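Notes follow once the structure below has been shown.
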Amino acid sequence: MSVTAEGVVSEPRGGASWLWKRQLASYPDTGPRVLYLAITVLATITLYYELYVGGSVSTLLLVNLHMSFTFFVTTLAFGNLIGAFGSLFAGISDRLGRANMVVFGLLFTGVFVAFILPAATSKWVFTIESFVVGVVEGICLVATPALIRDFSPQVGRATAMGFWTSGPVLGSLIVAVVGSATIPTIVNDPRFWTHEYRICGIAGLVVFVVALIGLRELSPQLRDQLMVTMHDRALIELRAKGFDIEAALHQPFRQLLKPDVVVSAIAVSIMLLIYYTAVGFGVIYFTTVFGFSLKDANGLGNWNWGFNVLAVILIGVISDRFRVRKPFMVIGGVAAAVMTVIYLMQAGHHPSYYTLAIMLAVLSFGLGVAYTPWMASFTETVEAHNPALTATGLAIWGWIIRVVVFVAFLIIPHVITAVTPLVNYGATVGAYEAKYGAQLAFAQTHGPIIALAQKDAVQLANAQKFAPELAVIQANPALFARLATYTNPATIPPALQAQAIAAAGGGATGIAVLTTISANQPAIIGVIAVKSQLQQIAPFVTQLTALGKVPPAVFPFMTAHGLAVANAAKAQYSQWKNWYWVCFGGIVLFLFSIPLLRGRWKPSDARKDEAEHEAMVDAELAALKA
């Protein structure tokens, strides 16, 4: 684009220049404008899908890449911190434009998610590559709401922001839907996580092609002005002819580092902790606390994000209809706070799948009712300071929200310490307990018996091997005592020999028993020598036999991790409750911050402001045309 004193002139686009020259010289009609908004929302959904896809296979990631829960959360924290500076950098789109950042960001993230991240075989490679993706997404996810604002007058801002806000939620919903549809109930291969990443990355590349062909943006002279209604269109195009871009963009951060911008951004970021907890740890929470499968945990996400999408779009339309934002923020915030308390109290109990689904639906709906009007009101608050600095204001918000998440994710492993043993060892411990529970319980309560059995293992085996012979000896102690006095069997008197054969069963059977006794005399004497110990063991022979069939690896594993898993299973309920109380406090803080934002409480006052603005526009148009 080039700017002259006479107006904004579009440079001719030839060859491949259309791939990067995307600025519009005039404000688009409704049809093209809706198309650009739709592509922007689609890009937002895709970027959040790519950002959140790891949540659907988080338990597999931890196992396959040998991550502890603490490592996993810490990397998420630093990923958000790095992304925060990407968001801050995105404020430069007030000067350079937004569309190309989004288009080529989609290309970069699509390639990484589809091909580079799935190739990672160690936690550090995966983490560093995720950080790179996080920077790019941090930039793009500030540029997209800036585009939404550019193409939506204030009177339709909540509706447009509702669709943009559906981006992160639909991204989460797609993660859950794809996960529940493609992840089997029982996953035997921890590398299955790469399957979800490849699906996601290929979808991202498809959306990149759509954005490459179809996405456009307003010229700086148009986007840097305040547009309340479509009635302002002619006025802003006339103003654009003499618009001083450099003056409007002078010291951008100094213009916007104000309490209404900064405090509001902090408050909404803390309110959204419960959302980011669900994104990052919802699957872990459902599988460890309530015992759901990975597939069902993602299924609960369908309810969570589905109702949130419904709320953010519906409330955007309603908010624009009534021309107010703040009352809806209060209604949604109060509903979300109440449902958070109800939800957190379920930890330690056994609610059904659908009971939890309904709770999640109501909670998410309340958050959506609060958040969409906030986004509209926040952009209007930034515009009240300087409409040319929308991306800068969103960059401040993007930086703050990621820093808040960074700090929160650093705290979570210290509040919730139970996850690592449950995720890394809980499944194996549970499988061993299910298969060998009786044997393990016996081993825990009969240590002395097991020790005695191990000490006399040879004699115990011989007692079972020579049980018929020992029974004969025990039934005829005097007879076999006399026989023992003859060191040479050949010298035993025939009458005594015949008596012994008869006592042993007579005939060939008796001769066979006596032959066995004679051939194994030392072993049989060894059994008789520990008779009292074997009598203590005798009532537990069945249990000891079963114990002997347990694979040797089970006992050291259970010794190393069984107690830790048991303690974690008990502690996790209170730990998760503590964290969700923090999330509840964040919603309360958000409610107290609402008065800082611009906007009316009563629809009648808002409509009066709109009428006054319309009159001002008509007067200024008349003056400019005179």
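As shown in the structure tokens, the chain order sets the letters A, B, ...; within each chain, residues go from 1, and ligands are also counted from 1 in the order they appear.
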For Glu196 in chain A: contacts at 9 Å, only C-alpha atoms, fewer than 4 positions along chain excluded, given as a PyMOL selection string: chain A and resi 53-54+56-57+175+178-179+182-183+192+200-201
Tell me which protein, DNA and RNA residues are within 12 Å of Ile401 in chain A, counting only C-alpha atoms, leaving out same-chain ones fewer than 2 positions away, and put them as a PyMOL selection string. chain A and resi 77+80-85+87-88+138+141-142+262-273+275-276+394-399+403-408
CA of Arg216 in chain A to CA of Thr165 in chain A: how many Å, to one decimal? 20.1 Å
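Neighbours of Leu514 in chain A closer than or equal to 9 Å, with only C-alpha atoms counted and sequence neighbours fewer than 2 positions away skipped, come out as Glu469, Ala500, Ile501, Ala504, Thr509, Gly510, Ile511, Ala512, Thr516, Ile517, Ser518 and Ala519 of chain A.
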For Leu479 in chain A, work out the shell of residues within 9 Å, counting only C-alpha atoms and skipping chain neighbours fewer than 4 positions away, then give it as a compact mmCIF listing (two decimals) with N, CA, C and O atoms, in the first residue's frame.
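Okay, out-v1.txt is ready:
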# COMPACT_ATOMS: atom_id res chain seq x y z
N ILE A 473 5.71 -93.06 57.64
CA ILE A 473 6.63 -92.95 58.78
C ILE A 473 5.91 -92.38 60.00
O ILE A 473 6.08 -92.86 61.14
N LEU A 483 13.68 -99.84 62.42
CA LEU A 483 14.37 -99.98 61.14
C LEU A 483 15.60 -99.09 61.05
O LEU A 483 16.59 -99.45 60.40
N ALA A 484 15.54 -97.91 61.71
CA ALA A 484 16.66 -96.96 61.64
C ALA A 484 17.91 -97.47 62.35
O ALA A 484 19.00 -96.97 62.11
N LEU A 496 10.65 -108.39 60.34
CA LEU A 496 10.55 -106.93 60.47
C LEU A 496 10.37 -106.30 59.09
O LEU A 496 9.60 -105.33 58.92
N GLN A 499 6.80 -106.77 58.07
CA GLN A 499 5.94 -105.84 58.82
C GLN A 499 6.00 -104.44 58.22
O GLN A 499 4.98 -103.75 58.09
N ALA A 500 7.21 -104.03 57.82
CA ALA A 500 7.38 -102.69 57.23
C ALA A 500 6.66 -102.59 55.89
O ALA A 500 6.02 -101.59 55.58
N ALA A 503 2.99 -102.25 56.53
CA ALA A 503 2.66 -100.91 57.02
C ALA A 503 2.69 -99.89 55.90
O ALA A 503 1.94 -98.90 55.91
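With only C-alpha atoms as the atoms that count, the residue of A:Leu218, A:Ala297, A:Met345, A:Leu37 with the shortest distance to Ala357 in chain A is A:Ala297.
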Near-range 524-531 of chain A list (10 Å; only C-alpha atoms; drop same-chain fewer than 3 positions) as JSON, numbers by chain: {"A": [456, 458, 459, 460, 461, 462, 463, 464, 465, 466, 467, 469, 470, 473, 474, 516, 517, 518, 519, 520, 521, 534, 535, 536, 537]}
Show me, as a ChimeraX atom specification, the residues that have an atom within 10 Å of Gly167 in chain A when counting only C-alpha atoms, minus same-chain residues fewer than 6 positions from it. /A:40-49,141,144,161,173,309,312
Just to be explicit: take each residue in the selection above, keep C-alpha atoms, and write the result as a CSV table (one decimal), in the first residue's frame.
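Writing the result to again.csv gives the following:
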chain,number,residue,atom,x,y,z
A,40,THR,CA,-9.8,-15.3,11.0
A,41,VAL,CA,-12.0,-17.4,13.3
A,42,LEU,CA,-11.0,-20.6,11.4
A,43,ALA,CA,-7.3,-19.7,11.8
A,44,THR,CA,-7.9,-19.1,15.5
A,45,ILE,CA,-9.6,-22.4,16.0
A,46,THR,CA,-6.7,-24.2,14.2
A,47,LEU,CA,-4.0,-22.4,16.2
A,48,TYR,CA,-5.6,-23.3,19.5
A,49,TYR,CA,-6.2,-26.9,18.3
A,141,LEU,CA,-3.1,-15.3,18.7
A,144,THR,CA,-6.3,-12.7,15.1
A,161,MET,CA,-15.6,-11.5,19.6
A,173,LEU,CA,-13.5,-29.2,21.6
A,309,VAL,CA,-18.9,-22.6,22.4
A,312,VAL,CA,-19.7,-17.5,23.8
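The space between CA of Thr74 in chain A and CA of Thr340 in chain A spans 24.8 Å.
A straight line drawn from CA of Glu137 in chain A to CA of Gly105 in chain A is 7.0 Å long.
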Run DSSP on the backbone and tell me which residues of range 111-175 of chain A come out as alpha helix (DSSP H); list them as number ranges by chain. A: 111, 123-150, 157-175
Kindly assemble as JSON lines a list of the range 38-141 of chain A residues that lie within 9 Å of range 423-434 of chain A, each paired with its nearest atom pair and their distance in Å to one decimal, using only C-alpha atoms, sorted first by chain and then by ascending residue number.
{"residue": "A:Thr59", "atom": "CA", "partner": "A:Val423", "partner_atom": "CA", "distance": 6.4}
{"residue": "A:Leu62", "atom": "CA", "partner": "A:Asn424", "partner_atom": "CA", "distance": 7.2}
{"residue": "A:Val63", "atom": "CA", "partner": "A:Asn424", "partner_atom": "CA", "distance": 6.2}
{"residue": "A:His66", "atom": "CA", "partner": "A:Asn424", "partner_atom": "CA", "distance": 8.6}
{"residue": "A:Met67", "atom": "CA", "partner": "A:Asn424", "partner_atom": "CA", "distance": 8.5}
{"residue": "A:Ser68", "atom": "CA", "partner": "A:Asn424", "partner_atom": "CA", "distance": 7.4}
{"residue": "A:Phe69", "atom": "CA", "partner": "A:Val423", "partner_atom": "CA", "distance": 7.9}
Keeping only N, CA, C and O atoms, write those residues as a tab-separated table (two decimals), in the first residue's frame.
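What ended up in part_25.tsv:
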chain	number	residue	atom	x	y	z
A	59	THR	N	-1.20	-38.24	29.19
A	59	THR	CA	-0.71	-39.38	29.96
A	59	THR	C	0.26	-40.22	29.13
A	59	THR	O	1.24	-40.77	29.67
A	62	LEU	N	3.68	-38.36	28.96
A	62	LEU	CA	4.47	-38.49	30.19
A	62	LEU	C	5.20	-39.82	30.22
A	62	LEU	O	6.38	-39.88	30.59
A	63	VAL	N	4.52	-40.88	29.80
A	63	VAL	CA	5.13	-42.21	29.84
A	63	VAL	C	6.16	-42.38	28.74
A	63	VAL	O	7.29	-42.80	28.98
A	66	HIS	N	9.18	-40.06	29.10
A	66	HIS	CA	9.77	-40.16	30.43
A	66	HIS	C	9.77	-38.81	31.17
A	66	HIS	O	10.78	-38.34	31.68
A	67	MET	N	8.59	-38.19	31.19
A	67	MET	CA	8.41	-36.93	31.89
A	67	MET	C	7.72	-37.18	33.23
A	67	MET	O	6.78	-37.96	33.30
A	68	SER	N	8.19	-36.51	34.25
A	68	SER	CA	7.40	-36.45	35.48
A	68	SER	C	6.32	-35.38	35.30
A	68	SER	O	6.40	-34.54	34.40
A	69	PHE	N	5.31	-35.43	36.14
A	69	PHE	CA	4.27	-34.41	36.07
A	69	PHE	C	4.86	-33.02	36.32
A	69	PHE	O	4.49	-32.04	35.67
